[in-house]
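Written below as structure tokens is the structure these notes are about.
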Amino acid sequence: MKNLKIATKVLPKHQNKKLQKKTTEYLLNVNDNAKDFTLKLIDGKTIKLSDLKEKVVLVNFLATWCAPCLQEFYDVPAKIIEPFKNDNFIFLAISKWRS
């Protein structure tokens with residue numbers, strides 16, 4: 001995987017003076033460590049990314065109102081979870097639920 005290039009959006013001057021020009025910067029590079037984060041699971045428990053060291057972690061962001069996201073999520077058990085069930089693999093699906 002090559003370095004990921006991200007171009008920042010040009011914002012109006014009154015929103016952010018530091019981002020007046022379009023810039024390109026590397027946000028992720030090969031072998032970068034992921035920043036630690038904590039998730040609240042459906043059962044109310046929490047999990048930290050750092051608790052999953054030595055595991056392969058696939059993080060998937062989805063929206064419940066997004067049809068392609070839901071179709072992708074439908075395929076996850078058979079195409080991702082089942083083939084890797086005996087490996088040191090964790091699948092984290094993250095969705096911002098409407099309240």
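Every chain in the structure tokens takes a letter, A first, then B, and so on in the order presented; its residues are numbered from 1, and the ligands are numbered from 1 following the presented order.
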Which residues are close to Leu41 of chain A, i.e. within 12 Å by only C-alpha atoms, leaving aside same-chain residues fewer than 2 positions away? Reply as a PDB file with all heavy atoms, in the first residue's frame.
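Below is the file result03.pdb, written as the result:
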ATOM      1  N   THR A  38     -11.484   4.235  21.885  1.00  0.00           N
ATOM      2  CA  THR A  38     -12.369   3.381  22.674  1.00  0.00           C
ATOM      3  C   THR A  38     -13.736   3.359  22.017  1.00  0.00           C
ATOM      4  O   THR A  38     -14.237   4.397  21.578  1.00  0.00           O
ATOM      5  CB  THR A  38     -12.497   3.924  24.116  1.00  0.00           C
ATOM      6  OG1 THR A  38     -11.192   3.989  24.691  1.00  0.00           O
ATOM      7  CG2 THR A  38     -13.373   3.029  24.967  1.00  0.00           C
ATOM      8  N   LEU A  39     -14.329   2.166  21.950  1.00  0.00           N
ATOM      9  CA  LEU A  39     -15.664   2.006  21.393  1.00  0.00           C
ATOM     10  C   LEU A  39     -16.596   1.436  22.446  1.00  0.00           C
ATOM     11  O   LEU A  39     -16.197   0.599  23.246  1.00  0.00           O
ATOM     12  CB  LEU A  39     -15.651   1.020  20.225  1.00  0.00           C
ATOM     13  CG  LEU A  39     -14.923   1.408  18.967  1.00  0.00           C
ATOM     14  CD1 LEU A  39     -14.951   0.257  17.975  1.00  0.00           C
ATOM     15  CD2 LEU A  39     -15.556   2.639  18.350  1.00  0.00           C
ATOM     16  N   ASP A  43     -23.539  -4.324  23.687  1.00  0.00           N
ATOM     17  CA  ASP A  43     -23.899  -4.851  25.010  1.00  0.00           C
ATOM     18  C   ASP A  43     -23.535  -3.903  26.152  1.00  0.00           C
ATOM     19  O   ASP A  43     -23.696  -4.241  27.317  1.00  0.00           O
ATOM     20  CB  ASP A  43     -23.281  -6.226  25.238  1.00  0.00           C
ATOM     21  CG  ASP A  43     -21.761  -6.207  25.232  1.00  0.00           C
ATOM     22  OD1 ASP A  43     -21.153  -5.112  25.165  1.00  0.00           O
ATOM     23  OD2 ASP A  43     -21.163  -7.292  25.305  1.00  0.00           O
ATOM     24  N   GLY A  44     -23.026  -2.715  25.819  1.00  0.00           N
ATOM     25  CA  GLY A  44     -22.685  -1.721  26.832  1.00  0.00           C
ATOM     26  C   GLY A  44     -21.230  -1.754  27.276  1.00  0.00           C
ATOM     27  O   GLY A  44     -20.756  -0.826  27.912  1.00  0.00           O
ATOM     28  N   LYS A  45     -20.513  -2.821  26.964  1.00  0.00           N
ATOM     29  CA  LYS A  45     -19.097  -2.907  27.314  1.00  0.00           C
ATOM     30  C   LYS A  45     -18.294  -1.970  26.418  1.00  0.00           C
ATOM     31  O   LYS A  45     -18.757  -1.544  25.367  1.00  0.00           O
ATOM     32  CB  LYS A  45     -18.586  -4.339  27.157  1.00  0.00           C
ATOM     33  CG  LYS A  45     -19.246  -5.325  28.079  1.00  0.00           C
ATOM     34  CD  LYS A  45     -18.734  -6.718  27.822  1.00  0.00           C
ATOM     35  CE  LYS A  45     -19.457  -7.729  28.694  1.00  0.00           C
ATOM     36  NZ  LYS A  45     -19.051  -9.095  28.372  1.00  0.00           N
ATOM     37  N   THR A  46     -17.079  -1.658  26.845  1.00  0.00           N
ATOM     38  CA  THR A  46     -16.194  -0.843  26.014  1.00  0.00           C
ATOM     39  C   THR A  46     -14.970  -1.659  25.645  1.00  0.00           C
ATOM     40  O   THR A  46     -14.590  -2.598  26.337  1.00  0.00           O
ATOM     41  CB  THR A  46     -15.759   0.445  26.743  1.00  0.00           C
ATOM     42  OG1 THR A  46     -15.092   0.091  27.941  1.00  0.00           O
ATOM     43  CG2 THR A  46     -16.943   1.345  27.040  1.00  0.00           C
ATOM     44  N   ILE A  47     -14.377  -1.277  24.535  1.00  0.00           N
ATOM     45  CA  ILE A  47     -13.166  -1.936  24.067  1.00  0.00           C
ATOM     46  C   ILE A  47     -12.232  -0.862  23.536  1.00  0.00           C
ATOM     47  O   ILE A  47     -12.671   0.103  22.914  1.00  0.00           O
ATOM     48  CB  ILE A  47     -13.480  -2.995  22.996  1.00  0.00           C
ATOM     49  CG1 ILE A  47     -12.253  -3.813  22.653  1.00  0.00           C
ATOM     50  CG2 ILE A  47     -14.081  -2.371  21.766  1.00  0.00           C
ATOM     51  CD1 ILE A  47     -12.562  -5.043  21.830  1.00  0.00           C
ATOM     52  N   LYS A  48     -10.947  -1.009  23.834  1.00  0.00           N
ATOM     53  CA  LYS A  48      -9.935  -0.075  23.333  1.00  0.00           C
ATOM     54  C   LYS A  48      -9.141  -0.773  22.244  1.00  0.00           C
ATOM     55  O   LYS A  48      -8.875  -1.972  22.328  1.00  0.00           O
ATOM     56  CB  LYS A  48      -8.990   0.339  24.463  1.00  0.00           C
ATOM     57  CG  LYS A  48      -9.626   1.255  25.488  1.00  0.00           C
ATOM     58  CD  LYS A  48      -8.669   1.578  26.608  1.00  0.00           C
ATOM     59  CE  LYS A  48      -7.542   2.434  26.097  1.00  0.00           C
ATOM     60  NZ  LYS A  48      -6.657   2.942  27.141  1.00  0.00           N
ATOM     61  N   LEU A  92     -14.490  -4.743  13.613  1.00  0.00           N
ATOM     62  CA  LEU A  92     -15.198  -3.699  14.357  1.00  0.00           C
ATOM     63  C   LEU A  92     -16.033  -2.884  13.368  1.00  0.00           C
ATOM     64  O   LEU A  92     -15.487  -2.224  12.482  1.00  0.00           O
ATOM     65  CB  LEU A  92     -14.210  -2.770  15.061  1.00  0.00           C
ATOM     66  CG  LEU A  92     -13.335  -3.378  16.148  1.00  0.00           C
ATOM     67  CD1 LEU A  92     -12.338  -2.343  16.651  1.00  0.00           C
ATOM     68  CD2 LEU A  92     -14.187  -3.909  17.283  1.00  0.00           C
ATOM     69  N   ALA A  93     -17.341  -2.958  13.529  1.00  0.00           N
ATOM     70  CA  ALA A  93     -18.248  -2.164  12.703  1.00  0.00           C
ATOM     71  C   ALA A  93     -18.653  -0.943  13.513  1.00  0.00           C
ATOM     72  O   ALA A  93     -19.138  -1.066  14.636  1.00  0.00           O
ATOM     73  CB  ALA A  93     -19.473  -2.980  12.334  1.00  0.00           C
ATOM     74  N   ILE A  94     -18.427   0.223  12.964  1.00  0.00           N
ATOM     75  CA  ILE A  94     -18.709   1.473  13.679  1.00  0.00           C
ATOM     76  C   ILE A  94     -19.780   2.247  12.924  1.00  0.00           C
ATOM     77  O   ILE A  94     -19.648   2.513  11.734  1.00  0.00           O
ATOM     78  CB  ILE A  94     -17.425   2.322  13.804  1.00  0.00           C
ATOM     79  CG1 ILE A  94     -16.365   1.529  14.583  1.00  0.00           C
ATOM     80  CG2 ILE A  94     -17.740   3.653  14.477  1.00  0.00           C
ATOM     81  CD1 ILE A  94     -15.024   2.220  14.647  1.00  0.00           C
ATOM     82  N   SER A  95     -20.829   2.596  13.654  1.00  0.00           N
ATOM     83  CA  SER A  95     -21.919   3.364  13.074  1.00  0.00           C
ATOM     84  C   SER A  95     -22.354   4.418  14.064  1.00  0.00           C
ATOM     85  O   SER A  95     -22.413   4.174  15.253  1.00  0.00           O
ATOM     86  CB  SER A  95     -23.100   2.447  12.737  1.00  0.00           C
ATOM     87  OG  SER A  95     -24.171   3.210  12.235  1.00  0.00           O
TER      88      SER A  95
END
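Residues in contact with segment 85-91 of chain A at up to 9 Å, not including ones fewer than 3 positions away on its chain and judged by only C-alpha atoms, are Leu52, Glu54, Lys55, Val56, Val57, Leu58, Val59, Asn60, Ile80, Ile81 and Glu82 of chain A.
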Shell of 10 Å around Lys35 of chain A, only C-alpha atoms, local chain residues under 3 positions omitted, as a PyMOL selection string
chain A and resi 32+49-50
